[in-house]
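K.L.:
Dumping the structure here so I can ask a few things about it.
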Amino acid sequence: MRIDKYLKVSRIIKRRTVANEACDSGRIQVGGKQVKASYDVKIGDVIEITLGSRPLTVRVVSVAEHTTKESAADLYEIIN
């Protein structure tokens with residue numbers, strides 16, 4: 001699954017277009033490297049997001065095409 005879609009499905013970022021723009025501007029990193037929106041997310045990836053004043057680091061626990069609002073938080077775990 002593309003990283004921009006993963007960020008939207010997991011509800012880390014509210015809209016896919018915002019996630020896409022964040023990737024294009026270099027605010028999304030996986031394993032310390034900047035990635036494009038087409039990056040393929042894998043289980044175990046560590047995603048670093050710098051939007052606003054507070055950076056967020058999460059680890060991918062599972063990947064799903066569709067989730068409910070209640071189970072969206074089960075797709076990742078917050079590291080920092």
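Residues in the structure tokens are named by chain (A, B, ... in the order shown) and by number from 1 within that chain; ligands are numbered from 1 in the order shown.
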Got a sec: who's within 9 Å of Asp45 of chain A, counting only C-alpha atoms, leaving out chain neighbours fewer than 5 positions off, as a PyMOL selection string?

P.N.:
chain A and resi 30-31+58-61

K.L.:
Keeping only C-alpha atoms, write the selected residues to a file as an mmCIF file, in the first residue's frame.

P.N.:
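Writing done, so here's selection.cif:
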```
data_model
loop_
_atom_site.group_PDB
_atom_site.id
_atom_site.type_symbol
_atom_site.label_atom_id
_atom_site.label_comp_id
_atom_site.auth_asym_id
_atom_site.auth_seq_id
_atom_site.Cartn_x
_atom_site.Cartn_y
_atom_site.Cartn_z
ATOM 1 C CA VAL A 30 10.874 6.005 6.689
ATOM 2 C CA GLY A 31 13.974 4.648 8.345
ATOM 3 C CA VAL A 58 5.070 5.495 14.528
ATOM 4 C CA ARG A 59 5.796 1.829 13.760
ATOM 5 C CA VAL A 60 3.608 0.013 11.218
ATOM 6 C CA VAL A 61 1.922 -2.959 12.922
#
```

K.L.:
To test your reading of the structure, identify every residue in chain A that backbone DSSP assigns to strand (DSSP E), and report it as a list in words.

P.N.:
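Strand (DSSP E) members of chain A, listed: Ile28, Gln29, Val30, Lys33, Gln34, Val46, Ile47, Glu48, Ile49, Thr50, Leu51, Arg54, Pro55, Leu56, Thr57, Val58, Arg59, Val60, Tyr76, Glu77 and Ile78 of chain A.
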
K.L.:
Sorted by chain and rising residue number, which residues of segment 38-61 of chain A lie within 7 Å of segment 19-27 of chain A, and what are their closest atom pairs and distances in Å to one decimal, counting only C-alpha atoms, as a Markdown table?

P.N.:
```
| residue | atom | partner | partner_atom | distance |
| --- | --- | --- | --- | --- |
| A:Ile49 | CA | A:Arg27 | CA | 5.9 |
| A:Thr50 | CA | A:Arg27 | CA | 5.3 |
| A:Leu51 | CA | A:Arg27 | CA | 6.8 |
```

K.L.:
So, with only C-alpha atoms as the atoms that count, which of A:Val18, A:Ala73, A:Met1, A:Ile78 lies closest to Ile47 of chain A?

P.N.:
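Ranking A:Val18, A:Ala73, A:Met1, A:Ile78 by distance to Ile47 of chain A, first place goes to A:Ile78.
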
K.L.:
Please determine, counting only C-alpha atoms, which residue among A:Ile79, A:Val41, A:Ile3, A:Ala72 has the shortest atom-to-atom distance to Leu56 of chain A.

P.N.:
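Using only C-alpha atoms, Leu56 of chain A sits closest to A:Ile79.
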
K.L.:
Could you check how far atom CA of Arg15 of chain A sits from atom CA of Lys33 of chain A, in Å to one decimal?

P.N.:
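Going from atom CA of Arg15 of chain A over to atom CA of Lys33 of chain A covers 22.5 Å.
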
K.L.:
Calculated over only C-alpha atoms, which of the candidates A:Thr17, A:Ser62, A:Gln34, A:Thr57 has the smallest distance to Asn80 of chain A?

P.N.:
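Of all the options, A:Thr57 lies closest to Asn80 of chain A.
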
K.L.:
Check the smallest atom-to-atom distance from each of A:His66, A:Lys14, A:Arg54, A:Lys5 to Ser38 of chain A using only C-alpha atoms, then report the winner.

P.N.:
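For Ser38 of chain A, the nearest of the candidates is A:Lys5.
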
K.L.:
Restricting the calculation to only C-alpha atoms, which member of A:Val9, A:Arg2, A:Gly52, A:Glu77 is positioned closest to Val35 of chain A?

P.N.:
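Of A:Val9, A:Arg2, A:Gly52, A:Glu77, the one nearest Val35 of chain A is A:Arg2, counting only C-alpha atoms.
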
K.L.:
Residues of chain A classed as helix (DSSP H, G or I) by DSSP on the backbone are to be reported as a short mmCIF file (atom, residue, chain, number, x, y, z; two decimals) with all heavy atoms, in the first residue's frame.

P.N.:
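Contents of selection.cif, as written:
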```
data_model
loop_
_atom_site.label_atom_id
_atom_site.label_comp_id
_atom_site.auth_asym_id
_atom_site.auth_seq_id
_atom_site.Cartn_x
_atom_site.Cartn_y
_atom_site.Cartn_z
N ILE A 3 2.27 4.92 0.83
CA ILE A 3 2.35 5.55 2.15
C ILE A 3 1.31 6.65 2.31
O ILE A 3 0.76 6.82 3.40
CB ILE A 3 3.77 6.07 2.44
CG1 ILE A 3 3.89 6.42 3.92
CG2 ILE A 3 4.13 7.24 1.55
CD1 ILE A 3 5.29 6.57 4.42
N ASP A 4 0.98 7.38 1.25
CA ASP A 4 -0.04 8.42 1.41
C ASP A 4 -1.40 7.82 1.72
O ASP A 4 -2.14 8.33 2.56
CB ASP A 4 -0.09 9.34 0.18
CG ASP A 4 -0.42 8.62 -1.11
OD1 ASP A 4 -0.26 7.38 -1.18
OD2 ASP A 4 -0.83 9.30 -2.07
N LYS A 5 -1.72 6.68 1.11
CA LYS A 5 -2.98 6.02 1.41
C LYS A 5 -2.96 5.42 2.82
O LYS A 5 -3.95 5.47 3.54
CB LYS A 5 -3.28 4.93 0.38
CG LYS A 5 -4.63 4.29 0.59
CD LYS A 5 -5.01 3.36 -0.52
CE LYS A 5 -6.39 2.80 -0.25
NZ LYS A 5 -6.78 1.85 -1.28
N TYR A 6 -1.82 4.86 3.23
CA TYR A 6 -1.72 4.29 4.58
C TYR A 6 -1.94 5.35 5.65
O TYR A 6 -2.65 5.11 6.62
CB TYR A 6 -0.35 3.63 4.78
CG TYR A 6 -0.18 3.06 6.16
CD1 TYR A 6 -0.71 1.82 6.47
CD2 TYR A 6 0.47 3.76 7.16
CE1 TYR A 6 -0.59 1.29 7.75
CE2 TYR A 6 0.60 3.26 8.43
CZ TYR A 6 0.07 2.02 8.72
OH TYR A 6 0.18 1.51 9.99
N LEU A 7 -1.35 6.52 5.46
CA LEU A 7 -1.50 7.60 6.44
C LEU A 7 -2.96 8.04 6.54
O LEU A 7 -3.44 8.39 7.61
CB LEU A 7 -0.60 8.78 6.08
CG LEU A 7 0.90 8.52 6.21
CD1 LEU A 7 1.68 9.68 5.62
CD2 LEU A 7 1.29 8.26 7.64
N LYS A 8 -3.68 8.00 5.43
CA LYS A 8 -5.09 8.37 5.43
C LYS A 8 -5.95 7.27 6.05
O LYS A 8 -6.80 7.53 6.90
CB LYS A 8 -5.55 8.67 4.00
CG LYS A 8 -6.90 9.31 3.94
CD LYS A 8 -7.89 8.34 3.41
CE LYS A 8 -9.24 9.02 3.26
NZ LYS A 8 -10.32 8.13 3.60
N VAL A 9 -5.73 6.01 5.65
CA VAL A 9 -6.53 4.90 6.17
C VAL A 9 -6.33 4.74 7.67
O VAL A 9 -7.29 4.48 8.41
CB VAL A 9 -6.19 3.58 5.42
CG1 VAL A 9 -6.77 2.37 6.11
CG2 VAL A 9 -6.68 3.66 3.99
N ARG A 16 -5.88 12.37 2.14
CA ARG A 16 -4.81 11.79 1.34
C ARG A 16 -4.03 12.86 0.59
O ARG A 16 -2.81 12.73 0.41
CB ARG A 16 -5.40 10.77 0.36
CG ARG A 16 -4.33 9.99 -0.37
CD ARG A 16 -4.92 8.83 -1.12
NE ARG A 16 -3.91 8.14 -1.90
CZ ARG A 16 -4.15 7.10 -2.65
NH1 ARG A 16 -5.38 6.62 -2.73
NH2 ARG A 16 -3.20 6.53 -3.33
N THR A 17 -4.70 13.91 0.17
CA THR A 17 -3.98 14.97 -0.54
C THR A 17 -2.98 15.66 0.38
O THR A 17 -1.88 16.02 -0.06
CB THR A 17 -4.95 16.02 -1.11
OG1 THR A 17 -5.79 16.50 -0.07
CG2 THR A 17 -5.80 15.42 -2.22
N VAL A 18 -3.33 15.82 1.65
CA VAL A 18 -2.40 16.41 2.62
C VAL A 18 -1.22 15.47 2.83
O VAL A 18 -0.06 15.92 2.91
CB VAL A 18 -3.12 16.71 3.95
CG1 VAL A 18 -2.14 17.19 5.00
CG2 VAL A 18 -4.22 17.73 3.74
N ALA A 19 -1.48 14.17 2.91
CA ALA A 19 -0.41 13.19 3.07
C ALA A 19 0.51 13.20 1.84
O ALA A 19 1.73 13.12 1.97
CB ALA A 19 -0.99 11.80 3.27
N ASN A 20 -0.09 13.32 0.66
CA ASN A 20 0.69 13.37 -0.58
C ASN A 20 1.58 14.61 -0.61
O ASN A 20 2.76 14.53 -0.95
CB ASN A 20 -0.27 13.36 -1.78
CG ASN A 20 0.41 12.97 -3.05
OD1 ASN A 20 1.57 13.29 -3.25
ND2 ASN A 20 -0.32 12.31 -3.93
N GLU A 21 1.04 15.76 -0.23
CA GLU A 21 1.81 16.99 -0.20
C GLU A 21 2.92 16.93 0.85
O GLU A 21 4.01 17.46 0.63
CB GLU A 21 0.89 18.18 0.07
CG GLU A 21 -0.04 18.49 -1.07
CD GLU A 21 -1.13 19.49 -0.70
OE1 GLU A 21 -1.14 19.96 0.46
OE2 GLU A 21 -1.97 19.76 -1.57
N ALA A 22 2.65 16.28 1.99
CA ALA A 22 3.67 16.13 3.03
C ALA A 22 4.84 15.29 2.51
O ALA A 22 6.00 15.59 2.79
CB ALA A 22 3.07 15.51 4.28
N CYS A 23 4.53 14.24 1.76
CA CYS A 23 5.59 13.41 1.17
C CYS A 23 6.40 14.20 0.15
O CYS A 23 7.63 14.13 0.14
CB CYS A 23 4.99 12.18 0.50
SG CYS A 23 4.29 10.99 1.65
N ASP A 24 5.71 14.96 -0.69
CA ASP A 24 6.39 15.74 -1.72
C ASP A 24 7.29 16.82 -1.13
O ASP A 24 8.32 17.16 -1.71
CB ASP A 24 5.37 16.38 -2.67
CG ASP A 24 4.66 15.36 -3.54
OD1 ASP A 24 5.17 14.21 -3.64
OD2 ASP A 24 3.61 15.69 -4.09
N ALA A 72 -8.72 1.86 13.46
CA ALA A 72 -7.64 2.53 12.72
C ALA A 72 -6.38 2.64 13.56
O ALA A 72 -5.27 2.51 13.03
CB ALA A 72 -8.09 3.91 12.26
N ALA A 73 -6.49 2.85 14.83
CA ALA A 73 -5.33 2.99 15.70
C ALA A 73 -4.58 1.67 15.89
O ALA A 73 -3.43 1.68 16.34
CB ALA A 73 -5.73 3.55 17.06
N ASP A 74 -5.20 0.55 15.53
CA ASP A 74 -4.54 -0.75 15.64
C ASP A 74 -3.54 -0.99 14.52
O ASP A 74 -2.79 -1.97 14.56
CB ASP A 74 -5.58 -1.89 15.65
CG ASP A 74 -6.49 -1.79 16.87
OD1 ASP A 74 -6.08 -1.20 17.89
OD2 ASP A 74 -7.63 -2.32 16.79
N LEU A 75 -3.52 -0.13 13.51
CA LEU A 75 -2.60 -0.31 12.37
C LEU A 75 -1.19 0.16 12.70
O LEU A 75 -0.26 -0.20 11.99
CB LEU A 75 -3.13 0.48 11.16
CG LEU A 75 -4.44 0.02 10.57
CD1 LEU A 75 -4.83 0.93 9.41
CD2 LEU A 75 -4.38 -1.41 10.10
#
```

K.L.:
Just the number, please: distance in Å from atom CA of Thr68 of chain A to atom CA of Arg11 of chain A, one decimal.

P.N.:
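Straight-line distance from atom CA of Thr68 of chain A to atom CA of Arg11 of chain A works out to 9.9 Å.
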
K.L.:
Just how far from atom CA of Pro55 of chain A is atom CA of Ile28 of chain A, in Å to one decimal?

P.N.:
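Between atom CA of Ile28 of chain A and atom CA of Pro55 of chain A the gap is 10.1 Å.
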
K.L.:
Which residue gives the smallest distance to Glu70 of chain A among A:Lys36, A:Glu48, A:Lys42, A:Ser10, with only C-alpha atoms counted?

P.N.:
A:Ser10
